[in-house]
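Data block below; observations after.
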Amino acid sequence: MRLSEKPNHLAALRAAFPATLPVLTGYACLGMAYGLLMEANGYGPLWSALMSAIGFGGSMQYVAITLLVTAFDPLQAFLLAIMVNARHIFYGLSMLDKYKGLGKVRPFLICVLSDETFSLVSTLEPPENMARKDFCFWISLLDYSYWIITTALGGLLGRFLTFDTTGLDFALTALFVVLFLEQWKKPENRPAGVIGLACAAVSLAVFGPNNMVIAAMVLILAVLLGGRKHLCI
């Protein structure tokens, strides 16, 4: 049985790897920028790799640098983590059907579901005669590995290069813009994009730039749930 499964896993890896190359390219910049910032604030490559492996949070990892170098406020850190990572609620809801019945790998897929992985597994279909479980697993594992490796490399590079790191954290914003533009290319994804932009604009106008994120997420969720209920009726 194992002999027959091995080629399937290798085929899934070969199919998944080309799809993840754009993520690798993005992480080569974004992950290394994070490692450089960690090193500049006194945390070496080992800390960068551990943070990426255990607290795999992307944008929250950037925010956590500030929390590490200032007086620690547990309540503020908790609320900030919820605010920054609230978008994963929507990822989880939209992936319920795609991740249904995937067996033992399902908890891992849920744990490492990042923005980039979501963008891939939500739009790509596995090749014919290939199990979705294997295809999604390799996409998720490759993206997860890319992030850990590139953040560690950034930390190592930061030991040999000394320069002003101001503006490096903008790499994260740039990546989100690219992901949005990629999703926008498909007409069926555009209504969700318009809803997100409209809710963000309303939240910005009402609550201001410092308090808009959670409000925007709640508003988006209300609009999506309301629209789903209307369609079901």
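Identifiers in this document derive from the order of the structure tokens: chains are assigned A, B, ..., residues are numbered from 1 separately in each chain, and ligands are numbered from 1 in order of occurrence.
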Self-check item: Residue list (helix (DSSP H, G or I), DSSP) for stretch 4-233 of chain A, as a ChimeraX atom specification
Solution: /A:4-40,45-54,59-69,74-85,87-94,103-111,115-121,132-158,170-184,187-207,212-232
Please build the interface table for stretch 22-135 of chain A against stretch 209-226 of chain A with a cut-off of 8 Å, listing for each qualifying residue the nearest atom pair and the distance in Å to one decimal; count only C-alpha atoms, order rows by chain and increasing number, and write it as CSV.
residue,atom,partner,partner_atom,distance
A:Met83,CA,A:Ile214,CA,5.4
A:Val84,CA,A:Val213,CA,7.5
A:Ala86,CA,A:Met217,CA,6.9
A:Arg87,CA,A:Met217,CA,6.9
A:Phe90,CA,A:Leu221,CA,7.6
Create the file for the chosen residues now, containing C-alpha atoms and written as a compact mmCIF listing (two decimals), in the first residue's frame.
# COMPACT_ATOMS: atom_id res chain seq x y z
CA MET A 83 -7.38 42.67 15.54
CA VAL A 84 -4.53 41.79 13.20
CA ALA A 86 -9.31 38.58 12.57
CA ARG A 87 -9.21 38.03 8.82
CA PHE A 90 -13.20 34.60 7.01
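Put simply, atom CA of A:Pro126 is 18.5 Å away from atom CA of A:Gln183.
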Quiz item: Near stretch 47-62 of chain A, counting only C-alpha atoms, which residues have an atom at most 7 Å away, once you skip same-chain residues fewer than 6 positions from it, shown as a list of chain:residue names?
Solution: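 So the residues in contact are A:Tyr34, A:Gly35, A:Met38, A:Ala81, A:Val84, A:Trp147, A:Ile148, A:Thr151, A:Ala152, A:Gly155, A:Leu172.
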Those residues with all heavy atoms, as a PDB file, in the first residue's frame please?
ATOM      1  N   TYR A  34      11.560  40.560   7.531  1.00  0.00           N
ATOM      2  CA  TYR A  34      11.216  40.296   8.924  1.00  0.00           C
ATOM      3  C   TYR A  34      12.443  39.848   9.715  1.00  0.00           C
ATOM      4  O   TYR A  34      12.685  40.321  10.838  1.00  0.00           O
ATOM      5  CB  TYR A  34      10.140  39.217   8.994  1.00  0.00           C
ATOM      6  CG  TYR A  34       9.879  38.720  10.397  1.00  0.00           C
ATOM      7  CD1 TYR A  34       9.193  39.506  11.323  1.00  0.00           C
ATOM      8  CD2 TYR A  34      10.339  37.468  10.805  1.00  0.00           C
ATOM      9  CE1 TYR A  34       8.975  39.052  12.615  1.00  0.00           C
ATOM     10  CE2 TYR A  34      10.120  37.012  12.089  1.00  0.00           C
ATOM     11  CZ  TYR A  34       9.437  37.807  12.984  1.00  0.00           C
ATOM     12  OH  TYR A  34       9.227  37.365  14.269  1.00  0.00           O
ATOM     13  N   GLY A  35      13.229  38.940   9.148  1.00  0.00           N
ATOM     14  CA  GLY A  35      14.439  38.490   9.822  1.00  0.00           C
ATOM     15  C   GLY A  35      15.417  39.627  10.064  1.00  0.00           C
ATOM     16  O   GLY A  35      16.056  39.706  11.121  1.00  0.00           O
ATOM     17  N   MET A  38      14.097  41.710  12.954  1.00  0.00           N
ATOM     18  CA  MET A  38      14.325  41.017  14.224  1.00  0.00           C
ATOM     19  C   MET A  38      15.778  41.161  14.660  1.00  0.00           C
ATOM     20  O   MET A  38      16.076  41.439  15.834  1.00  0.00           O
ATOM     21  CB  MET A  38      13.947  39.548  14.086  1.00  0.00           C
ATOM     22  CG  MET A  38      12.460  39.275  14.049  1.00  0.00           C
ATOM     23  SD  MET A  38      11.678  39.376  15.685  1.00  0.00           S
ATOM     24  CE  MET A  38      12.181  37.795  16.401  1.00  0.00           C
ATOM     25  N   ALA A  81      -3.502  41.074  18.732  1.00  0.00           N
ATOM     26  CA  ALA A  81      -3.433  39.823  17.977  1.00  0.00           C
ATOM     27  C   ALA A  81      -4.783  39.494  17.349  1.00  0.00           C
ATOM     28  O   ALA A  81      -4.857  39.051  16.195  1.00  0.00           O
ATOM     29  CB  ALA A  81      -2.972  38.689  18.888  1.00  0.00           C
ATOM     30  N   VAL A  84      -5.361  42.024  14.381  1.00  0.00           N
ATOM     31  CA  VAL A  84      -4.533  41.785  13.199  1.00  0.00           C
ATOM     32  C   VAL A  84      -4.919  40.491  12.497  1.00  0.00           C
ATOM     33  O   VAL A  84      -4.914  40.405  11.263  1.00  0.00           O
ATOM     34  CB  VAL A  84      -3.040  41.767  13.593  1.00  0.00           C
ATOM     35  CG1 VAL A  84      -2.174  41.345  12.413  1.00  0.00           C
ATOM     36  CG2 VAL A  84      -2.604  43.132  14.106  1.00  0.00           C
ATOM     37  N   TRP A 147       8.451  30.312   4.597  1.00  0.00           N
ATOM     38  CA  TRP A 147       8.428  31.412   5.555  1.00  0.00           C
ATOM     39  C   TRP A 147       9.473  31.208   6.650  1.00  0.00           C
ATOM     40  O   TRP A 147      10.205  32.148   7.002  1.00  0.00           O
ATOM     41  CB  TRP A 147       7.039  31.549   6.162  1.00  0.00           C
ATOM     42  CG  TRP A 147       6.921  32.662   7.149  1.00  0.00           C
ATOM     43  CD1 TRP A 147       6.777  32.563   8.488  1.00  0.00           C
ATOM     44  CD2 TRP A 147       6.950  34.062   6.855  1.00  0.00           C
ATOM     45  NE1 TRP A 147       6.712  33.807   9.069  1.00  0.00           N
ATOM     46  CE2 TRP A 147       6.818  34.745   8.076  1.00  0.00           C
ATOM     47  CE3 TRP A 147       7.075  34.796   5.679  1.00  0.00           C
ATOM     48  CZ2 TRP A 147       6.809  36.134   8.166  1.00  0.00           C
ATOM     49  CZ3 TRP A 147       7.071  36.181   5.756  1.00  0.00           C
ATOM     50  CH2 TRP A 147       6.937  36.837   6.979  1.00  0.00           C
ATOM     51  N   ILE A 148       9.560  30.000   7.175  1.00  0.00           N
ATOM     52  CA  ILE A 148      10.540  29.728   8.227  1.00  0.00           C
ATOM     53  C   ILE A 148      11.963  29.931   7.710  1.00  0.00           C
ATOM     54  O   ILE A 148      12.802  30.582   8.351  1.00  0.00           O
ATOM     55  CB  ILE A 148      10.376  28.295   8.759  1.00  0.00           C
ATOM     56  CG1 ILE A 148       9.009  28.124   9.432  1.00  0.00           C
ATOM     57  CG2 ILE A 148      11.486  27.959   9.758  1.00  0.00           C
ATOM     58  CD1 ILE A 148       8.703  26.693   9.839  1.00  0.00           C
ATOM     59  N   THR A 151      12.816  33.741   6.849  1.00  0.00           N
ATOM     60  CA  THR A 151      12.983  34.590   8.025  1.00  0.00           C
ATOM     61  C   THR A 151      14.316  34.293   8.714  1.00  0.00           C
ATOM     62  O   THR A 151      14.991  35.211   9.201  1.00  0.00           O
ATOM     63  CB  THR A 151      11.825  34.402   9.018  1.00  0.00           C
ATOM     64  OG1 THR A 151      11.681  33.019   9.357  1.00  0.00           O
ATOM     65  CG2 THR A 151      10.516  34.903   8.428  1.00  0.00           C
ATOM     66  N   ALA A 152      14.698  33.012   8.756  1.00  0.00           N
ATOM     67  CA  ALA A 152      15.994  32.657   9.333  1.00  0.00           C
ATOM     68  C   ALA A 152      17.135  33.227   8.498  1.00  0.00           C
ATOM     69  O   ALA A 152      18.125  33.754   9.042  1.00  0.00           O
ATOM     70  CB  ALA A 152      16.124  31.140   9.446  1.00  0.00           C
ATOM     71  N   GLY A 155      17.566  36.868   9.207  1.00  0.00           N
ATOM     72  CA  GLY A 155      18.291  37.090  10.452  1.00  0.00           C
ATOM     73  C   GLY A 155      19.787  36.890  10.289  1.00  0.00           C
ATOM     74  O   GLY A 155      20.601  37.661  10.819  1.00  0.00           O
ATOM     75  N   LEU A 172       5.095  44.100   3.822  1.00  0.00           N
ATOM     76  CA  LEU A 172       3.870  43.363   4.141  1.00  0.00           C
ATOM     77  C   LEU A 172       2.662  43.977   3.445  1.00  0.00           C
ATOM     78  O   LEU A 172       1.838  43.269   2.852  1.00  0.00           O
ATOM     79  CB  LEU A 172       3.656  43.349   5.652  1.00  0.00           C
ATOM     80  CG  LEU A 172       2.510  42.491   6.174  1.00  0.00           C
ATOM     81  CD1 LEU A 172       2.812  41.022   5.947  1.00  0.00           C
ATOM     82  CD2 LEU A 172       2.271  42.758   7.648  1.00  0.00           C
TER      83      LEU A 172
END
Exercise. Would you kindly return, as number ranges by chain, each protein, DNA or RNA residue with an atom no farther than 7 Å from any atom of stretch 13-17 of chain A, considering only C-alpha atoms and excluding same-chain residues fewer than 2 positions away?
Key: A: 9-11, 19-21, 135, 138-139
Please produce a file of those selected residues containing N, CA, C and O atoms, as a tab-separated table (two decimals), in the first residue's frame.
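Below is the file selection_0.tsv, written as the result:
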chain	number	residue	atom	x	y	z
A	9	HIS	N	2.24	10.92	-3.70
A	9	HIS	CA	2.76	12.05	-2.93
A	9	HIS	C	3.79	12.83	-3.75
A	9	HIS	O	3.81	14.06	-3.71
A	10	LEU	N	4.64	12.13	-4.46
A	10	LEU	CA	5.63	12.81	-5.29
A	10	LEU	C	4.97	13.58	-6.42
A	10	LEU	O	5.38	14.70	-6.75
A	11	ALA	N	3.93	13.02	-7.00
A	11	ALA	CA	3.20	13.72	-8.05
A	11	ALA	C	2.52	14.97	-7.50
A	11	ALA	O	2.49	16.02	-8.15
A	19	ALA	N	3.11	26.00	-8.36
A	19	ALA	CA	2.07	26.92	-7.92
A	19	ALA	C	2.53	27.80	-6.76
A	19	ALA	O	2.02	28.90	-6.57
A	20	THR	N	3.49	27.29	-5.99
A	20	THR	CA	3.96	28.04	-4.82
A	20	THR	C	5.17	28.93	-5.11
A	20	THR	O	5.62	29.65	-4.22
A	21	LEU	N	5.68	28.90	-6.33
A	21	LEU	CA	6.85	29.72	-6.65
A	21	LEU	C	6.59	31.22	-6.45
A	21	LEU	O	7.48	31.93	-5.96
A	135	PHE	N	-2.65	17.48	-2.58
A	135	PHE	CA	-2.33	18.73	-3.26
A	135	PHE	C	-2.31	19.89	-2.26
A	135	PHE	O	-1.37	20.69	-2.22
A	138	TRP	N	0.74	19.69	0.29
A	138	TRP	CA	2.06	20.12	-0.18
A	138	TRP	C	2.11	21.62	-0.40
A	138	TRP	O	3.15	22.26	-0.14
A	139	ILE	N	1.04	22.22	-0.86
A	139	ILE	CA	1.02	23.68	-0.99
A	139	ILE	C	1.21	24.32	0.38
A	139	ILE	O	2.02	25.25	0.56
Quiz item: In Å to one decimal, how far is atom CA of A:Tyr146 from atom CA of A:Leu67?
Solution: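 About the pair atom CA of A:Leu67 and atom CA of A:Tyr146: they are 24.5 Å apart.
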Quiz prompt | Contact residues around A:Phe180 with only C-alpha atoms at 12 Å, ignoring same-chain residues under 3 positions, as a PyMOL selection string | solution = chain A and resi 115-116+118-119+173-177+183-186+189-190+192-194+196-197
